[in-house]
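entry.tsv follows; it contains TSV, C-alpha atoms and all ligand atoms.
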```tsv
chain	number	residue	atom	x	y	z
A	201	MET	CA	88.71	113.23	143.57
A	202	GLU	CA	88.80	110.94	140.57
A	203	SER	CA	91.84	111.43	138.32
A	204	TRP	CA	91.90	110.52	134.63
A	205	GLN	CA	92.85	107.47	132.61
A	206	ALA	CA	96.59	106.96	132.14
A	207	PRO	CA	97.95	106.61	128.61
A	208	GLY	CA	100.16	103.60	127.96
A	209	LEU	CA	103.81	104.33	128.75
A	210	ARG	CA	106.33	102.49	126.57
A	211	ARG	CA	109.63	101.47	128.11
A	212	LEU	CA	112.74	102.45	126.25
A	213	PRO	CA	116.05	100.57	126.20
A	214	GLY	CA	118.69	101.82	128.68
A	215	THR	CA	118.11	104.86	130.88
A	216	GLY	CA	118.07	108.56	130.16
A	217	GLU	CA	120.39	111.29	131.34
A	218	PRO	CA	119.69	112.88	134.74
A	219	LEU	CA	117.39	115.87	134.46
A	220	ARG	CA	118.74	119.40	134.88
A	221	LEU	CA	116.08	122.03	135.47
A	222	TYR	CA	115.87	125.79	135.87
A	223	ASP	CA	114.90	126.82	139.40
A	224	THR	CA	113.16	130.19	139.69
A	225	ALA	CA	114.44	130.59	143.28
A	226	ARG	CA	118.12	129.97	142.48
A	227	GLN	CA	117.77	131.63	139.07
A	228	ASP	CA	119.84	128.97	137.36
A	229	VAL	CA	119.78	125.40	136.00
A	230	HIS	CA	120.52	122.73	138.63
A	231	PRO	CA	120.31	118.93	138.60
A	232	SER	CA	117.08	117.45	139.88
A	233	VAL	CA	118.05	114.72	142.33
A	234	PRO	CA	114.97	112.87	143.61
A	235	GLY	CA	115.40	110.90	146.83
A	236	ALA	CA	115.10	107.13	147.27
A	237	GLY	CA	111.32	107.41	147.60
A	238	GLY	CA	111.04	108.85	144.09
A	239	ALA	CA	110.38	112.26	142.65
A	240	ARG	CA	107.70	114.41	144.25
A	241	MET	CA	105.94	116.97	142.12
A	242	TYR	CA	103.08	119.33	142.88
A	243	VAL	CA	101.46	121.23	140.01
A	244	CYS	CA	98.77	123.82	140.61
A	245	GLY	CA	95.58	122.82	138.86
A	246	ILE	CA	92.59	124.63	137.50
A	247	THR	CA	89.83	126.67	139.04
A	248	PRO	CA	86.99	124.86	137.25
A	249	TYR	CA	84.79	127.66	135.97
A	250	ASP	CA	85.74	127.47	132.30
A	251	ALA	CA	87.19	125.03	129.76
A	252	THR	CA	90.89	124.19	129.39
A	253	HIS	CA	92.65	126.66	127.09
A	254	LEU	CA	96.00	126.32	125.37
A	255	GLY	CA	97.78	128.18	128.18
A	256	HIS	CA	96.69	125.47	130.66
A	257	ALA	CA	97.56	122.78	128.14
A	258	ALA	CA	101.09	124.17	127.63
A	259	THR	CA	101.70	124.11	131.40
A	260	MET	CA	100.33	120.59	131.84
A	261	ILE	CA	102.38	119.31	128.89
A	262	THR	CA	105.57	120.84	130.34
A	263	PHE	CA	105.17	118.97	133.62
A	264	ASP	CA	104.10	115.85	131.77
A	265	VAL	CA	107.44	115.82	129.92
A	266	ILE	CA	109.29	116.30	133.24
A	267	ASN	CA	107.31	113.35	134.63
A	268	ARG	CA	108.22	111.24	131.57
A	269	VAL	CA	111.93	112.15	131.77
A	270	TRP	CA	112.09	111.21	135.46
A	271	ARG	CA	110.41	107.87	134.73
A	272	ASP	CA	112.83	107.24	131.86
A	273	ASN	CA	115.55	107.74	134.49
A	274	GLY	CA	114.04	104.98	136.61
A	275	HIS	CA	112.45	107.22	139.23
A	276	ALA	CA	109.01	106.54	140.64
A	277	VAL	CA	107.03	109.79	140.44
A	278	ASN	CA	104.56	110.90	143.05
A	279	TYR	CA	102.63	113.59	141.25
A	280	VAL	CA	99.91	115.62	142.94
A	281	GLN	CA	97.61	118.19	141.39
A	282	ASN	CA	94.82	120.17	142.99
A	283	VAL	CA	91.50	121.56	141.79
A	284	THR	CA	90.63	124.94	143.31
A	285	ASP	CA	86.95	124.08	143.54
A	286	VAL	CA	86.24	126.81	146.12
A	287	ASP	CA	87.16	130.26	144.92
A	288	GLU	CA	85.80	133.67	143.97
A	289	PRO	CA	85.96	133.26	140.14
A	290	LEU	CA	83.97	130.02	140.39
A	291	PHE	CA	81.26	131.64	142.53
A	292	GLU	CA	81.10	134.68	140.21
A	293	ARG	CA	80.71	132.56	137.06
A	294	ALA	CA	78.08	130.36	138.71
A	295	GLU	CA	76.13	133.46	139.79
A	296	ARG	CA	76.40	135.02	136.32
A	297	ASP	CA	75.15	131.83	134.63
A	298	GLY	CA	72.57	131.04	137.28
A	299	VAL	CA	73.99	127.60	138.02
A	300	ASP	CA	75.06	125.87	141.21
A	301	TRP	CA	78.80	126.46	141.80
A	302	LYS	CA	79.32	122.78	142.72
A	303	ALA	CA	77.67	121.59	139.51
A	304	LEU	CA	79.71	124.07	137.46
A	305	GLY	CA	82.91	122.85	139.14
A	306	ARG	CA	82.04	119.20	138.46
A	307	ARG	CA	81.20	119.88	134.82
A	308	GLU	CA	84.38	121.83	134.04
A	309	THR	CA	86.58	119.38	135.94
A	310	ALA	CA	85.08	116.53	133.88
A	311	LEU	CA	85.90	118.43	130.67
A	312	PHE	CA	89.45	119.08	131.91
A	313	ARG	CA	89.91	115.32	132.48
A	314	GLU	CA	88.76	114.61	128.92
A	315	ASP	CA	91.20	117.19	127.54
A	316	MET	CA	94.06	115.74	129.60
A	317	GLU	CA	93.29	112.23	128.33
A	318	ALA	CA	93.14	113.47	124.74
A	319	LEU	CA	96.52	115.19	125.19
A	320	ARG	CA	97.94	111.98	126.72
A	321	ILE	CA	98.99	113.64	129.98
A	322	LEU	CA	100.09	111.16	132.65
A	323	PRO	CA	97.55	111.60	135.46
A	324	PRO	CA	98.49	112.68	138.99
A	325	VAL	CA	98.70	109.96	141.62
A	326	ALA	CA	96.47	112.15	143.77
A	327	TYR	CA	94.03	114.60	142.18
A	328	VAL	CA	92.70	116.60	145.08
A	329	GLY	CA	89.98	119.22	145.42
A	330	ALA	CA	89.84	122.00	148.00
A	331	VAL	CA	86.38	120.95	149.18
A	332	GLU	CA	87.57	117.46	150.12
A	333	SER	CA	90.64	119.00	151.86
A	334	MET	CA	88.83	121.42	154.20
A	335	THR	CA	89.91	119.66	157.40
A	336	ASP	CA	93.57	119.55	156.29
A	337	VAL	CA	93.51	123.22	155.30
A	338	ALA	CA	91.82	124.33	158.51
A	339	ASP	CA	94.30	122.28	160.57
A	340	LEU	CA	97.23	123.95	158.80
A	341	VAL	CA	95.81	127.44	159.40
A	342	GLU	CA	95.40	126.55	163.07
A	343	ARG	CA	98.99	125.33	163.19
A	344	LEU	CA	100.21	128.59	161.65
A	345	VAL	CA	98.26	130.64	164.20
A	346	GLU	CA	99.80	128.53	167.00
A	347	VAL	CA	103.36	129.25	165.82
A	348	GLY	CA	102.67	132.96	165.35
A	349	ALA	CA	102.42	132.77	161.56
A	350	GLY	CA	98.74	133.69	161.44
A	351	TYR	CA	96.75	136.50	163.04
A	352	ARG	CA	93.08	137.36	163.18
A	353	LEU	CA	91.82	140.75	162.06
A	354	ASP	CA	90.01	142.55	164.86
A	355	ASP	CA	87.11	143.77	162.71
A	356	GLY	CA	84.74	140.96	163.65
A	357	THR	CA	84.97	139.16	160.27
A	358	GLY	CA	86.96	136.20	161.59
A	359	ASP	CA	89.47	136.60	158.75
A	360	VAL	CA	92.96	135.22	159.44
A	361	TYR	CA	96.07	136.54	157.66
A	362	PHE	CA	99.67	135.43	157.18
A	363	PRO	CA	102.23	138.05	158.31
A	364	VAL	CA	104.85	138.22	155.54
A	365	ASP	CA	107.14	140.34	157.69
A	366	ASP	CA	107.86	137.38	159.99
A	367	ALA	CA	108.35	134.88	157.15
A	368	GLU	CA	112.00	133.97	156.86
A	369	GLY	CA	113.31	134.12	153.32
A	370	PHE	CA	110.12	135.72	151.98
A	371	GLY	CA	110.78	137.00	148.45
A	372	GLY	CA	113.50	134.44	147.79
A	373	GLU	CA	111.40	132.45	145.32
A	374	SER	CA	110.28	135.29	143.04
A	375	HIS	CA	113.06	137.87	143.67
A	376	TYR	CA	110.59	140.62	142.85
A	377	ASP	CA	111.01	144.03	144.44
A	378	ARG	CA	108.29	145.32	146.73
A	379	ALA	CA	106.59	147.49	144.10
A	380	THR	CA	106.31	144.51	141.73
A	381	MET	CA	105.04	142.29	144.54
A	382	LEU	CA	102.35	144.83	145.42
A	383	ARG	CA	101.27	145.16	141.79
A	384	TYR	CA	101.00	141.40	141.20
A	385	PHE	CA	99.38	140.86	144.58
A	386	GLY	CA	96.63	143.31	143.60
A	387	GLU	CA	96.23	141.84	140.11
A	388	ARG	CA	96.28	138.18	141.10
A	389	GLY	CA	93.70	137.68	143.80
A	390	GLY	CA	95.37	139.56	146.68
A	391	ASP	CA	93.90	142.43	148.72
A	392	PRO	CA	96.68	144.97	149.33
A	393	ASP	CA	94.14	147.66	150.30
A	394	ARG	CA	92.31	145.65	152.95
A	395	ALA	CA	92.18	147.71	156.14
A	396	GLY	CA	93.54	146.32	159.38
A	397	LYS	CA	96.34	144.15	158.01
A	398	ARG	CA	99.83	144.52	159.43
A	399	ASP	CA	101.35	144.67	155.94
A	400	PRO	CA	99.52	145.20	152.62
A	401	LEU	CA	101.14	141.97	151.32
A	402	ASP	CA	99.81	139.77	154.14
A	403	ALA	CA	97.88	136.93	152.52
A	404	LEU	CA	94.46	135.58	153.49
A	405	LEU	CA	94.61	132.20	155.24
A	406	TRP	CA	91.01	131.81	156.33
A	407	ARG	CA	87.98	133.91	155.38
A	408	GLY	CA	85.31	134.07	158.06
A	409	LYS	CA	81.79	133.11	157.08
A	410	ARG	CA	79.81	135.73	155.12
A	411	ASP	CA	76.10	135.68	154.35
A	412	GLY	CA	75.35	133.90	151.10
A	413	GLU	CA	78.79	132.31	150.80
A	414	PRO	CA	79.61	128.64	151.37
A	415	SER	CA	81.52	127.93	154.55
A	416	TRP	CA	82.95	125.01	156.46
A	417	PRO	CA	83.34	124.51	160.21
A	418	SER	CA	86.77	124.77	161.82
A	419	ALA	CA	88.35	125.49	165.19
A	420	LEU	CA	88.95	129.02	163.89
A	421	GLY	CA	85.26	129.50	163.25
A	422	ASP	CA	83.20	128.81	160.16
A	423	GLY	CA	84.71	130.02	156.91
A	424	ARG	CA	86.69	129.03	153.86
A	425	PRO	CA	90.35	128.98	152.94
A	426	GLY	CA	92.54	131.45	151.10
A	427	TRP	CA	94.09	130.28	147.82
A	428	HIS	CA	97.73	129.72	148.77
A	429	ILE	CA	97.06	127.78	151.97
A	430	GLU	CA	95.02	125.26	149.98
A	431	CYS	CA	98.03	124.22	147.89
A	432	ALA	CA	100.38	124.25	150.90
A	433	ALA	CA	98.04	121.95	152.84
A	434	ILE	CA	97.47	119.51	149.96
A	435	ALA	CA	101.18	119.32	149.09
A	436	LEU	CA	102.22	118.76	152.72
A	437	LYS	CA	99.61	116.04	153.20
A	438	TYR	CA	100.23	114.05	150.01
A	439	LEU	CA	103.94	114.71	149.38
A	440	GLY	CA	105.59	115.62	152.69
A	441	GLU	CA	107.66	118.54	153.94
A	442	GLN	CA	109.98	118.92	150.98
A	443	ILE	CA	109.19	118.31	147.34
A	444	ASP	CA	111.26	118.16	144.15
A	445	VAL	CA	109.17	120.39	141.94
A	446	GLN	CA	106.51	123.02	142.61
A	447	GLY	CA	105.11	123.83	139.20
A	448	GLY	CA	102.74	126.09	137.35
A	449	GLY	CA	102.55	128.92	134.85
A	450	ASN	CA	104.85	131.91	135.35
A	451	ASP	CA	101.87	133.97	136.54
A	452	LEU	CA	102.00	131.83	139.69
A	453	ILE	CA	105.56	132.91	140.63
A	454	PHE	CA	104.05	135.64	142.78
A	455	PRO	CA	102.07	135.71	144.95
A	456	HIS	CA	100.89	132.10	144.70
A	457	HIS	CA	104.11	130.07	144.89
A	458	GLU	CA	105.93	132.57	147.09
A	459	MET	CA	103.04	132.46	149.58
A	460	SER	CA	102.33	128.72	149.53
A	461	ALA	CA	106.04	128.02	150.07
A	462	ALA	CA	106.16	130.58	152.90
A	463	HIS	CA	103.07	128.98	154.53
A	464	ALA	CA	104.56	125.49	154.30
A	465	GLU	CA	107.99	126.58	155.57
A	466	ALA	CA	106.49	128.51	158.50
A	467	ALA	CA	104.59	125.39	159.57
A	468	THR	CA	107.35	122.80	159.07
A	469	LYS	CA	110.55	124.88	159.50
A	470	VAL	CA	111.89	122.94	156.51
A	471	ALA	CA	113.29	125.10	153.70
A	472	PRO	CA	113.20	125.22	150.80
A	473	PHE	CA	109.73	123.77	150.49
A	474	ALA	CA	110.55	122.88	146.86
A	475	ARG	CA	114.00	122.09	145.51
A	476	HIS	CA	112.92	123.46	142.15
A	477	TYR	CA	110.27	126.08	141.46
A	478	VAL	CA	109.46	125.54	137.80
A	479	HIS	CA	107.39	127.91	135.68
A	480	ALA	CA	106.02	127.59	132.19
A	481	GLY	CA	105.64	130.59	129.88
A	482	MET	CA	102.32	132.03	128.77
A	483	ILE	CA	100.71	131.35	125.41
A	484	ALA	CA	99.72	134.38	123.35
A	485	LEU	CA	97.20	134.75	120.55
A	486	ASP	CA	97.62	137.64	118.08
A	487	GLY	CA	100.28	139.21	120.26
A	488	GLU	CA	98.24	139.15	123.46
A	489	LYS	CA	98.61	136.73	126.37
A	490	MET	CA	95.70	134.30	126.35
A	491	SER	CA	93.51	135.27	129.28
A	492	LYS	CA	89.91	135.23	130.31
A	493	SER	CA	89.81	139.01	130.73
A	494	LEU	CA	90.80	139.55	127.08
A	495	GLY	CA	88.44	136.82	125.91
A	496	ASN	CA	91.04	135.48	123.45
A	497	LEU	CA	91.07	131.89	124.67
A	498	VAL	CA	91.60	128.93	122.37
A	499	PHE	CA	90.03	125.92	124.04
A	500	VAL	CA	91.45	122.42	123.70
A	501	SER	CA	87.91	121.01	123.52
A	502	ARG	CA	87.07	123.40	120.64
A	503	LEU	CA	90.11	122.28	118.65
A	504	ARG	CA	89.19	118.65	119.30
A	505	ALA	CA	85.60	119.28	118.18
A	506	ASP	CA	87.00	120.86	115.00
A	507	GLY	CA	88.79	117.57	114.29
A	508	VAL	CA	92.31	118.71	115.19
A	509	ASP	CA	94.49	115.78	116.23
A	510	PRO	CA	95.48	116.35	119.90
A	511	ALA	CA	98.95	115.05	118.97
A	512	ALA	CA	99.33	118.11	116.70
A	513	VAL	CA	98.26	120.41	119.55
A	514	ARG	CA	100.93	118.78	121.68
A	515	LEU	CA	103.59	119.17	119.02
A	516	GLY	CA	102.62	122.80	118.43
A	517	LEU	CA	103.03	123.59	122.13
A	518	LEU	CA	106.30	121.65	122.40
A	519	ASP	CA	107.87	123.60	119.53
A	520	GLY	CA	109.45	126.28	121.73
A	521	HIS	CA	111.13	126.46	125.11
A	522	TYR	CA	108.71	125.88	127.98
A	523	ARG	CA	110.01	128.90	129.88
A	524	ASP	CA	109.45	131.31	127.00
A	525	ASP	CA	106.17	133.06	126.39
A	526	ARG	CA	105.07	131.72	123.01
A	527	ALA	CA	102.54	132.59	120.32
A	528	TRP	CA	99.81	130.26	119.07
A	529	THR	CA	98.91	130.94	115.45
A	530	ASP	CA	97.31	129.04	112.57
A	531	ASP	CA	100.81	128.70	111.24
A	532	VAL	CA	102.04	126.99	114.43
A	533	LEU	CA	99.20	124.49	114.13
A	534	ARG	CA	99.80	123.91	110.39
A	535	ARG	CA	103.50	123.31	111.00
A	536	ALA	CA	102.70	120.85	113.80
A	537	GLN	CA	100.23	118.96	111.57
A	538	GLN	CA	102.81	118.80	108.79
A	539	ARG	CA	105.45	117.57	111.22
A	540	LEU	CA	103.13	114.88	112.54
A	541	GLU	CA	102.50	113.62	109.00
A	542	THR	CA	106.22	113.59	108.19
A	543	TRP	CA	107.07	111.68	111.37
A	544	ARG	CA	104.24	109.19	110.79
A	545	ALA	CA	105.41	108.54	107.25
A	546	ALA	CA	109.03	108.16	108.37
A	547	THR	CA	108.22	105.68	111.13
A	548	ALA	CA	106.10	103.65	108.69
A	549	ARG	CA	109.20	102.91	106.57
A	550	ARG	CA	111.02	99.55	106.70
A	551	SER	CA	114.25	101.13	107.94
A	552	GLY	CA	115.82	104.45	108.80
A	553	ALA	CA	118.91	106.19	110.15
A	554	ASP	CA	120.39	105.00	113.47
A	555	GLY	CA	117.48	104.81	115.95
A	556	ALA	CA	119.64	104.40	119.07
A	557	ALA	CA	121.52	107.58	118.19
A	558	LEU	CA	118.23	109.46	117.85
A	559	LEU	CA	117.04	108.17	121.23
A	560	ALA	CA	120.29	109.35	122.85
A	561	LYS	CA	119.93	112.75	121.21
A	562	VAL	CA	116.33	113.23	122.37
A	563	ARG	CA	117.26	112.17	125.90
A	564	GLY	CA	120.14	114.66	125.85
A	565	CYS	CA	117.87	117.53	124.73
A	566	LEU	CA	115.20	116.82	127.32
A	567	SER	CA	117.67	116.43	130.19
A	568	ASN	CA	118.91	119.92	129.32
A	569	ASP	CA	116.12	121.90	131.02
A	570	VAL	CA	113.47	120.17	128.90
A	571	ASP	CA	114.60	121.54	125.54
A	572	THR	CA	111.68	120.12	123.59
A	573	ALA	CA	112.28	122.34	120.54
A	574	ALA	CA	115.73	120.79	120.11
A	575	ALA	CA	114.25	117.31	120.59
A	576	LEU	CA	111.68	118.01	117.85
A	577	ALA	CA	114.43	119.23	115.52
A	578	ALA	CA	116.37	116.01	116.14
A	579	VAL	CA	113.34	113.89	115.17
A	580	ASP	CA	112.83	116.10	112.09
A	581	GLU	CA	116.39	115.41	111.03
A	582	TRP	CA	115.97	111.65	111.53
A	583	SER	CA	112.69	111.70	109.58
A	584	THR	CA	114.30	113.28	106.54
A	585	SER	CA	117.42	111.06	106.59
A	586	ASN	CA	117.77	107.58	105.19
A	587	GLY	CA	119.51	104.55	106.65
A	588	ASP	CA	119.42	100.78	106.88
A	589	ASP	CA	118.65	100.41	110.60
A	590	ALA	CA	115.63	98.07	110.46
A	591	ASP	CA	114.86	98.62	114.17
A	592	ALA	CA	114.90	102.40	113.87
A	593	PRO	CA	111.27	103.09	112.86
A	594	SER	CA	109.82	101.26	115.86
A	595	LEU	CA	112.44	102.65	118.27
A	596	VAL	CA	111.86	106.21	117.11
A	597	SER	CA	108.12	105.71	117.37
A	598	ALA	CA	108.58	104.45	120.96
A	599	THR	CA	110.91	107.37	121.77
A	600	VAL	CA	108.44	109.98	120.56
A	601	ASP	CA	105.58	108.21	122.34
A	602	SER	CA	107.34	107.67	125.66
A	603	LEU	CA	109.26	110.94	126.03
A	604	LEU	CA	107.18	113.45	124.11
A	605	GLY	CA	103.78	111.82	124.64
A	606	VAL	CA	102.99	111.80	120.92
A	607	THR	CA	101.62	108.64	119.32
A	608	LEU	CA	102.73	108.15	115.72
B	1	ZN	ZN	98.61	126.16	143.79
```

Reformat the file's structure so that it appears as structure tokens.
Amino acid sequence: MESWQAPGLRRLPGTGEPLRLYDTARQDVHPSVPGAGGARMYVCGITPYDATHLGHAATMITFDVINRVWRDNGHAVNYVQNVTDVDEPLFERAERDGVDWKALGRRETALFREDMEALRILPPVAYVGAVESMTDVADLVERLVEVGAGYRLDDGTGDVYFPVDDAEGFGGESHYDRATMLRYFGERGGDPDRAGKRDPLDALLWRGKRDGEPSWPSALGDGRPGWHIECAAIALKYLGEQIDVQGGGNDLIFPHHEMSAAHAEAATKVAPFARHYVHAGMIALDGEKMSKSLGNLVFVSRLRADGVDPAAVRLGLLDGHYRDDRAWTDDVLRRAQQRLETWRAATARRSGADGAALLAKVRGCLSNDVDTAAALAAVDEWSTSNGDDADAPSLVSATVDSLLGVTL
């Protein structure tokens, strides 16, 4: 599937500090050490039934900064993102609005691309939809069945499930207890009450064809894939058996990332599937997590249409730690707009305080588990100081552009 247009990436003098990142599985900060072939990152993309809201944007910006820090360290980055263009919520929305689910998916994916370009997100090397990956997904389900990591329900539906009981290390990514797993599984697309499964937590790999639902042919019979197997198949195909970062919002910790890692590991026998499982916090509006069920979504496209500078949206979302759940308020936006003005004025001066020192400070903050709030504070301090470094304004402008993705 077509990706989006890459923003220009300015090269900075020297190289940054190696990135240290929090890993959900090891529950601590560890160095990220990409191999000779470069860093490999998989970030779970959208289900294209609605426009990009600030929660999506915050997640995409987090992984964009990780991408930028790796590149500043001289690593090539192979970044893959999927589009879940076959899924229940998409079919439901299409039915509700009386539109074709494929057309709805195309329209919302196009809007997502526009939003990503406006926010200056570096595009994935491979932007891959589920529809175009059907053969890869079906092959992986077949492989899992062959190694005993997939079983067919005997109720005539043709549905194939993943037995969590046999999955070595299952639970080691999220560390949730069973009651929490069951709750999230039920809330986030799972079917703990489905009759005939060996364990309520067993996840759907392949759903046999139903009347009125789209389906694709496979050796397992016509049907369509479960959610987690889609990401496992796309990541294995485009990135290989072990990746550096598996990323998404913290609502993907379980079941999605636990399951897709378990699927991949059962097929390849290589563990861990990801060296770092990285999760961004949720964005709240008026004290409530932004979610479609609450209807309190702030859309990036709406803000853009209202004339808000996407650079201010970026700065507003970067003003807090990526792992924390954060609030979006009018005040956050006002502060970001004010900051943008201050930085623009400061970098328009003839000289400023030591620019190389500021670059080193920003690199230090970002290498420390992507501490963007500290990086912003460092630029604030530079902007309100005076100095006679004539190169500083252009170096600071390049630093903010290259590492934070904000054009001054
Ligand atoms: Zn995913």

Could you give me, as CSV, a per-residue list for chain A showing, wherever an atom lies at most 8 Å from an atom of ligand ZN 1 (chain B), the closest pair of atoms and their distance in Å to one decimal, using all atoms listed in the file and sorting by chain then residue number from low to high?
```
residue,atom,partner,partner_atom,distance
A:Val243,CA,B:ZN1,ZN,6.8
A:Cys244,CA,B:ZN1,ZN,4.0
A:Gly245,CA,B:ZN1,ZN,6.7
A:Asn282,CA,B:ZN1,ZN,7.1
A:Trp427,CA,B:ZN1,ZN,7.3
A:His428,CA,B:ZN1,ZN,6.2
A:Glu430,CA,B:ZN1,ZN,7.2
A:Cys431,CA,B:ZN1,ZN,4.6
A:Ala432,CA,B:ZN1,ZN,7.6
A:Gly448,CA,B:ZN1,ZN,7.7
A:Leu452,CA,B:ZN1,ZN,7.8
A:His456,CA,B:ZN1,ZN,6.4
A:His457,CA,B:ZN1,ZN,6.8
A:Ser460,CA,B:ZN1,ZN,7.3
```

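Using all atoms listed in the file, the shortest contact distance between Val286 of chain A and any of A:Lys489, A:Lys397, A:Arg210, A:Arg424 is found at A:Arg424.
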
Exercise on segment 248-252 of chain A, axis-aligned box with 8 Å per side, report centre and edge lengths in Å to one decimal, as lines of an AutoDock Vina configuration file:
```
center_x = 87.8
center_y = 125.9
center_z = 133.3
size_x = 22.1
size_y = 19.5
size_z = 23.9
```

TODO: Using all atoms listed in the file, pick whichever of A:Thr547, A:Thr572, A:Thr607, A:Ser493 has the shortest atom-to-atom distance to Ala512 of chain A.
DONE: A:Thr607

Task: segment 588-594 of chain A surroundings by all atoms listed in the file, 6 Å radius, close-in-sequence under 4 positions cut, as an MDAnalysis selection string - done: chainID A and resid 547 551:555

- [ ] Take the point (107.1, 117.0, 153.2) as written in the file and pick out every residue within 12 Å of it, counting only C-alpha atoms; give the list as JSON, numbers by chain.
- [x] {"A": [237, 240, 241, 242, 432, 433, 434, 435, 436, 437, 438, 439, 440, 441, 442, 443, 444, 445, 461, 464, 465, 467, 468, 469, 470, 471, 472, 473, 474, 475]}

Using C-alpha atoms, can you export the residues from the last selection as a short mmCIF file (atom, residue, chain, number, x, y, z; two decimals), keeping the file's coordinate frame?
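part22.cif written:
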```cif
data_model
loop_
_atom_site.label_atom_id
_atom_site.label_comp_id
_atom_site.auth_asym_id
_atom_site.auth_seq_id
_atom_site.Cartn_x
_atom_site.Cartn_y
_atom_site.Cartn_z
CA GLY A 237 111.32 107.41 147.60
CA ARG A 240 107.70 114.41 144.25
CA MET A 241 105.94 116.97 142.12
CA TYR A 242 103.08 119.33 142.88
CA ALA A 432 100.38 124.25 150.90
CA ALA A 433 98.04 121.95 152.84
CA ILE A 434 97.47 119.51 149.96
CA ALA A 435 101.18 119.32 149.09
CA LEU A 436 102.22 118.76 152.72
CA LYS A 437 99.61 116.04 153.20
CA TYR A 438 100.23 114.05 150.01
CA LEU A 439 103.94 114.71 149.38
CA GLY A 440 105.59 115.62 152.69
CA GLU A 441 107.66 118.54 153.94
CA GLN A 442 109.98 118.92 150.98
CA ILE A 443 109.19 118.31 147.34
CA ASP A 444 111.26 118.16 144.15
CA VAL A 445 109.17 120.39 141.94
CA ALA A 461 106.04 128.02 150.07
CA ALA A 464 104.56 125.49 154.30
CA GLU A 465 107.99 126.58 155.57
CA ALA A 467 104.59 125.39 159.57
CA THR A 468 107.35 122.80 159.07
CA LYS A 469 110.55 124.88 159.50
CA VAL A 470 111.89 122.94 156.51
CA ALA A 471 113.29 125.10 153.70
CA PRO A 472 113.20 125.22 150.80
CA PHE A 473 109.73 123.77 150.49
CA ALA A 474 110.55 122.88 146.86
CA ARG A 475 114.00 122.09 145.51
#
```

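If you look at atom CA of Asp264 of chain A and atom CA of Arg526 of chain A, they are 18.2 Å away from each other.
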
Open item on the list: For Arg271 of chain A, find every residue with an atom within 10 Å (counting all atoms listed in the file), except residues of its own chain fewer than 5 positions away, and show them as a PyMOL selection string.
Closed with: chain A and resi 209+211+215-216+238-239+265-266+276-277+602-603

Open item on the list: Could you list, as a PyMOL selection string, every residue within 8 Å of segment 299-307 of chain A, counting only C-alpha atoms and ignoring same-chain residues fewer than 6 positions away?
Closed with: chain A and resi 247-249+285+290-291+293
